[in-house]
Every structure is written in C-alpha cells, then in structure tokens.
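Here's the structure, in structure tokens; my notes come after.
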Amino acid sequence: MSHAFTRRQAATLLLSGAALAPFAGSALAQAPYLDIRRGSNFQPVQIAVTSFAGEQGPALTAIVTNNFKRSVFLQPLEPKSFVENITNPDQAPQMDSWRMLNAQFVVTGRVARAPDGRLRTEFRLWDVTSGQQVAGQQYVTDPNNARRVGHIVSDAIFTRVTGEKGFFDSRVVFVDESGPKEKRRKRLAIMDQDGGNVRFLSRGDDLVVTPRFSPSSQDVAYMSFGQGDPRVFLMNIESGQREVVGNFPGMTFSPRFSPDGQRIIMSLSQGSSSNLFTMDLRSRTTTRLTDTAGIDTSPSYSPDGSQIVFESDRGGTQQIYVMAAGGGGGKRISFGEGARYSTPVWSPKGDFIAFTRQKGGSFGIGVMKPDGSGERILTEGYHNEGPTFAPNGLYVMFFRDPGGSAGAKIHMADIFGRGEFPVPTPAFGSDPSWGPLLS
C-alpha cells in the first residue's frame with residue numbers, strides 16, 4: 001500500500017515543539033515522581049491545571065483536565081478550590097497557596113496566535129514541594145490542530161510525573177452503530193482516545209466489523225460484508241486509500257497485524273474446524289500455522305513478533321493458548337475454574353495479555369501475564385467484550401452491550417483495576433482498536 005506520507009512525517013508537518021526555558025534559574029529535574037505500580041498504598045498525584053491564558057486557553061485547559069481525570073494516576077483539583085489566580089504563566093506560582101490545597105504540581109500556560117497565524121501553545125509544570133519548574137515546552141502548529149496539542153501537552157506532563165509513556169495523543173478506530181437494533185447501520189469510524197474528533201471512514205452501505213489498528217502505522221484492517229463473501233480491507237487513515245486483501249469465505253475473525261505491519265494473522269474455517277494462517281502483505285502468500293480439529297481463532301502477536309496468543313477449544317472448552325510465531329504446539333495459559341476465555345490481545349509492552357472471561361452469566365475483562373499467572377479481572381458484568389490496549393500498555397478499552405433495546409458502549413479501564421470510564425461516541429459503539437501514538 002502506498003501512503004500519502006508516513007506517521008512521523010505527518011507529525012512533523014502538523015507540529016513543531018521546543019523546550020521552554022526554566023524560570024529564573026530553576027532546574028529541570030529528571031526523575032519521575034510516581035511509582036504507578038505501587039500496591040495498596042497507591043495514591044494519585046494531586047495536580048492543579050490552571051486556566052491557560054489566551055482566547056483559546058479555556059478549551060485547551062478543558063482537554064488537559066479531562067485527560068487527567070481519566071488517567072487514574074493524576075487527579076486534577078477542582079478549579080473552584082484554587083486560591084491563587086494565575087495572571088502570568090511565566091512566573092512561579094505562590095507555592096504556599098497551593099500547599100494549602102495539597103497540590104503536588106501546578107500547570108500554567110498560554111495559547112496565542114503567532115504573527116504568521118499559527119497557534120503557539122506553552123506550558124510549565126511546577127513542583128509545589130521544591131518550588132521549581134520541572135518541565136516546560138512550547139508548540140507551534142496550525143490552528144486546526146489545537147485539540148491535538150492539548151493531548152500532547154497532557155502526554156508531556158503525564159510522562160514527566162510518572163516516567164511512563166503517555167497515551168493521550170492517540171486515536172481509536174471503532175464500529176459506530178446507529179438505528180434500531182434489528183436494523184443497525186454499522187460504519188467504520190475513528191476518534192481521539194477521549195471520544196472527541198469523530199470521523200466516519202465508511203458510509204454504512206456495507207456492514208463492517210472488527211477493525212484492527214496496525215501497531216506500527218496509521219493503517220487499519222477490517223472485514224466488510226457486502227455482496228458475496230466477506231472481504232478484508234486495508235485502509236490508510238491519513239490518505240483514505242483502501243485496498244482489498246482478499247475474499248475469505250471461511251474467515252471467523254478479522255486479521256491482526258504483525259508488530260512490523262508487514263503481515264496479518266487470521267483464522268479461517270475449513271469444515272468444522274478453524275485454523276490460523278498468516279499472510280505476507282507484500283507477496284500475498286499465505287502460510288498455515290495450526291492444524292487441529294478444533295476451533296483456533298482470535299490470534300494476536302507478541303510485540304517482538306516471536307509468539308502468538310490465541311483462543312481455542314482444542315481441549316474441550318474455550319481457552320487461551322500461546323505458541324511460537326512460526327506455528328507448532330500451543331501451551332494453554334488460562335485455567336480459571338468453570339470459566340471460558342476469549343479475545344486475547346498482547347500488550348504493546350509485552351508484560352500482559354488482556355482477555356474476555358465468561359463465567360456463568362458474567363463477562364469479565366481482565367489481564368494476565370504471558371505465562372498465565374497473575375490473572376486480574378478489571379471489570380465484570382453483562383456483556384463486556386473485545387479488549388484493546390493503549391499504546392503505553394497501561395489501559396484497556398472494550399465495549400459493553402447490556403442487551404435489550406440498548407446498544408454497545410465503549411469503556412476504558414487501567415490494567416490495575418483502579419478506575420473505569422465511559423468513552424463517549426455519537427451513537428452506540430463497539431469493537432474499539434487503539435492505535436499507536438501519533439507523536
């Protein structure tokens with residue numbers, strides 16, 4: 001597939017940034033402040049996001065504040081509790097007034113038009129304990145990208161405080177569902193990770209299901225049911241260009257990309273069994289990976305490309321297995337008593353596998369280590385399904401369909417089970433797939 005431009009080129013065209021010099025001799029410390037993996041003693045960092053100066057400042061402030069509210073690890077203070085009114089974002093805040101509120105950090109900034117018409121956004125992050133500026137950056141961009149700058153500012157602050165990569169400057173492809181339940185219109189759509197900036201990628205003439213983002217580019221694979229057999233499409237989000245990979249009448253699950261984006265892996269039915277196959281997207285050659293009498297489906301590569309996790313009923317019930325990327329025997333890793341496991345997906349960091357667990361009438365979204373240990377259910381109810389990891393591996397997004405006349409809605413949770421939040425969509429939404437960081 002030819003691309004209009006690469007993700008990195010796109011980021012360069014959209015945005016330019018530079019470090020903002022620290023105020024009056026303060027030092028930019030480098031060590032993170034929060035151990036996000038701390039156990040029962042975990043407490044989120046209290047952070048005050050003051051209103052950014054400038055006509056577009058309030059809109060950017062709202063984006064940053066909302067991002068932090070959904071981050072679990074950073075807890076923004078209520079603006080109505082603020083004692084100090086920041087009038088000059090370049091000057092150090094009055095730290096005593098913020099200590100009274102138990103704030104650990106204060107964010108100040110401004111948004112202004114540059115002489116050439118572009119938008120200049122600046123922020124400073126202040127450590128209340130030391131009284132020093134510990135981060136500062138300015139970004140110059142086209143005004144149309146103002147919302148994205150809010151996510152980039154959020155990522156810079158999140159990374160400075162936690163030492164972890166951010167996730168705010170990312171997008172999610174999903175299936176937008178509208179209309180009555182018996183005649184749903186399903187369109188391919190994309191949105192920012194917070195539910196904003198929705199754009200439809202298909203018109204709804206054909207049924208589309210199970211989109212999957214490439215982990216290495218702005219490409220999406222999805223299945224489309226139009227006339228005849230289901231077809232697998234590849235679409236480049238930036239250019240809108242799409243192409244048919246092939247017709248797969250026996251496909252049971254949409255293909256996922258390999259970590260380098262050069263292959264896709266999928267499940268194809270043959271009689272009463274389903275097996276895993278991989279296709280090289282350059283040569284279009286297909287290689288069979290499993291050969292069992294059971295149903296092998298829902299494959300996902302490990303981030304280094306060496307292993308594959310998948311679900312199979314080869315042992316009598318629906319369980320999760322891991323095998324080498326080249327195929328061969330699989331090792332079962334799910335052993336919850338009386339439970340069935342499905343839709344496994346490997347974390348971009350390689351440390352966890354997310355899954356759907358069905359036990360009784362309840363559907364749980366959980367994570368486990370690649371060897372099956374440390375199973376943790378993040379949320380449980382009816383009917384949760386289809387987890388997908390944030391690019392930093394700290395969050396999963398999934399959809400919940402309560403049944404009846406209602407429809408599916410998208411939610412997100414952190415991998416430690418500390419918080420869960422709805423992700424707003426225009427109508428109903430299902431099958432989310434989280435893309436890589438844009439910046």
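Every chain in the structure tokens takes a letter, A first, then B, and so on in the order presented; its residues are numbered from 1, and the ligands are numbered from 1 following the presented order.
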message = For the structure I just gave you, how does DSSP split stretch 64-280 of chain A - specifically, which residues are strand (DSSP E)? Reply as a ChimeraX atom specification.
response = /A:74-76,105-113,119-127,132-141,171-178,185-192,199-200,207-213,219-225,231-236,242-247,251-257,263-270,273-280
message = Can you pull out the residues contacting A:Val72? Cut-off 7 Å, using only C-alpha atoms, and skip same-chain residues under 5 positions away; I want them as a list in words.
response =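 Contacts, with the query itself left out: Pro44, Arg418 and Gly419 of chain A.
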request  = Grab the atom CA of A:Pro58 to atom CA of A:Val396 distance for me, in Å with one decimal place.
outcome  =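 Between these atoms lies a distance of 29.0 Å.
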request  = Find the spatial neighbours of A:Ala156, counting only C-alpha atoms, within a cut-off of 9 Å - ignore same-chain residues fewer than 3 positions away - and output them as a list in words.
outcome  =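 Skipping anything fewer than 3 positions along the chain leaves Ala135, Gly136, Gln137, His151, Ile152, Val153, Thr159, Arg160, Val161, Lys165 and Gly166 of chain A.
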task = List every residue of stretch 82-294 of chain A that DSSP, applied to the backbone of this structure, places in helix (DSSP H, G or I), and write the result as a list in words.
result =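 Selecting the helix (DSSP H, G or I) positions of stretch 82-294 of chain A gives Met95, Asp96, Ser97, Trp98, Arg99, Pro143, Asn144, Asn145, Ala146, Arg147, Arg148, Val149, Gly150, His151, Ile152, Val153, Ser154, Asp155, Ala156, Ile157, Phe158, Thr159, Arg160, Val161, Thr162, Lys181, Glu182 and Lys183 of chain A.
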request  = Between A:Pro143, A:Pro211, A:Gly326, A:Pro344, single out the one closest to A:Asp296, counting only C-alpha atoms.
outcome  = A:Pro344
task = Name the residues in contact with A:Met223 at a cut-off of 9 Å, using only C-alpha atoms, excluding same-chain residues fewer than 6 positions from it; report them as a list in words.
result =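 These residues fall inside the cut-off: Leu207, Val208, Val209, Thr210, Pro211, Pro230, Arg231, Val232, Phe233, Phe253, Ser254 and Pro255 of chain A.
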query = At what distance in Å, to one decimal, does atom CA of A:Pro89 lie from atom CA of A:Leu74?
reply =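 Separation of atom CA of A:Leu74 and atom CA of A:Pro89: 20.9 Å.
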Pick from A:Ser258, A:Arg113, A:Arg357, A:Ser334, whichever lies nearest to A:Glu55 using only C-alpha atoms =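 Smallest separation from A:Glu55 among the options: A:Arg113.
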task = Just the residues within 12 Å of A:Pro299, please, counting only C-alpha atoms, with nothing from its chain fewer than 5 positions along; format it as a PyMOL selection string.
result = chain A and resi 212+252-258+264-268+274-278+289-290+307-312+320-325+327+330+342-346+353+355
Nearest to A:Thr425, chosen from A:Ser224, A:Gln218, A:Ser273, A:Ser178, with only C-alpha atoms counted in the distances =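 Going through A:Ser224, A:Gln218, A:Ser273, A:Ser178 one by one, the smallest distance to A:Thr425 is for A:Ser178.
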task = To one decimal in Å, tell me the separation between atom CA of A:Tyr382 and atom CA of A:Ser71.
result =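 Result for atom CA of A:Tyr382 versus atom CA of A:Ser71: 24.4 Å, one decimal.
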inquiry  = Measuring between only C-alpha atoms, which one of A:Gln75, A:Gln133, A:Ser283, A:Thr87 shows the shortest distance to A:Val245?
reply    =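 Distance minimum relative to A:Val245 lands on A:Ser283.
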request  = Would you kindly return, as a PyMOL selection string, each protein, DNA or RNA residue with an atom no farther than 6 Å from any atom of stretch 398-415 of chain A, considering only C-alpha atoms and excluding same-chain residues fewer than 6 positions away?
outcome  = chain A and resi 382-387+421-423+428-430
Store the residues picked out above, limited to N, CA and C atoms, as a PDB file, in the first residue's frame.
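Dumped everything to part_38.pdb:
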```
ATOM      1  N   TYR A 382     -22.468  -7.698  32.364  1.00  0.00           N
ATOM      2  CA  TYR A 382     -23.045  -8.204  31.122  1.00  0.00           C
ATOM      3  C   TYR A 382     -23.201  -7.006  30.194  1.00  0.00           C
ATOM      4  N   HIS A 383     -22.676  -7.064  29.006  1.00  0.00           N
ATOM      5  CA  HIS A 383     -21.882  -8.079  28.346  1.00  0.00           C
ATOM      6  C   HIS A 383     -20.630  -7.361  27.905  1.00  0.00           C
ATOM      7  N   ASN A 384     -19.489  -7.635  28.527  1.00  0.00           N
ATOM      8  CA  ASN A 384     -18.215  -6.992  28.205  1.00  0.00           C
ATOM      9  C   ASN A 384     -17.450  -7.846  27.207  1.00  0.00           C
ATOM     10  N   GLU A 385     -16.751  -7.192  26.283  1.00  0.00           N
ATOM     11  CA  GLU A 385     -16.040  -7.966  25.262  1.00  0.00           C
ATOM     12  C   GLU A 385     -15.007  -7.096  24.556  1.00  0.00           C
ATOM     13  N   GLY A 386     -14.043  -7.770  23.932  1.00  0.00           N
ATOM     14  CA  GLY A 386     -13.143  -7.145  22.965  1.00  0.00           C
ATOM     15  C   GLY A 386     -12.153  -6.141  23.502  1.00  0.00           C
ATOM     16  N   PRO A 387     -11.251  -6.506  24.447  1.00  0.00           N
ATOM     17  CA  PRO A 387     -10.279  -5.531  24.952  1.00  0.00           C
ATOM     18  C   PRO A 387      -9.232  -5.154  23.913  1.00  0.00           C
ATOM     19  N   PHE A 421     -13.937   4.212  33.008  1.00  0.00           N
ATOM     20  CA  PHE A 421     -14.574   5.419  32.500  1.00  0.00           C
ATOM     21  C   PHE A 421     -15.253   5.131  31.171  1.00  0.00           C
ATOM     22  N   PRO A 422     -16.423   5.736  30.925  1.00  0.00           N
ATOM     23  CA  PRO A 422     -17.056   5.611  29.612  1.00  0.00           C
ATOM     24  C   PRO A 422     -16.311   6.452  28.584  1.00  0.00           C
ATOM     25  N   VAL A 423     -16.294   6.005  27.346  1.00  0.00           N
ATOM     26  CA  VAL A 423     -15.720   6.770  26.240  1.00  0.00           C
ATOM     27  C   VAL A 423     -16.888   7.193  25.350  1.00  0.00           C
ATOM     28  N   PHE A 428     -24.229   4.331  19.389  1.00  0.00           N
ATOM     29  CA  PHE A 428     -23.638   3.162  20.023  1.00  0.00           C
ATOM     30  C   PHE A 428     -22.286   2.892  19.373  1.00  0.00           C
ATOM     31  N   GLY A 429     -21.418   2.200  20.092  1.00  0.00           N
ATOM     32  CA  GLY A 429     -20.085   1.917  19.564  1.00  0.00           C
ATOM     33  C   GLY A 429     -19.578   0.574  20.044  1.00  0.00           C
ATOM     34  N   SER A 430     -18.860  -0.138  19.184  1.00  0.00           N
ATOM     35  CA  SER A 430     -18.324  -1.457  19.530  1.00  0.00           C
ATOM     36  C   SER A 430     -16.983  -1.661  18.850  1.00  0.00           C
TER      37      SER A 430
END
```
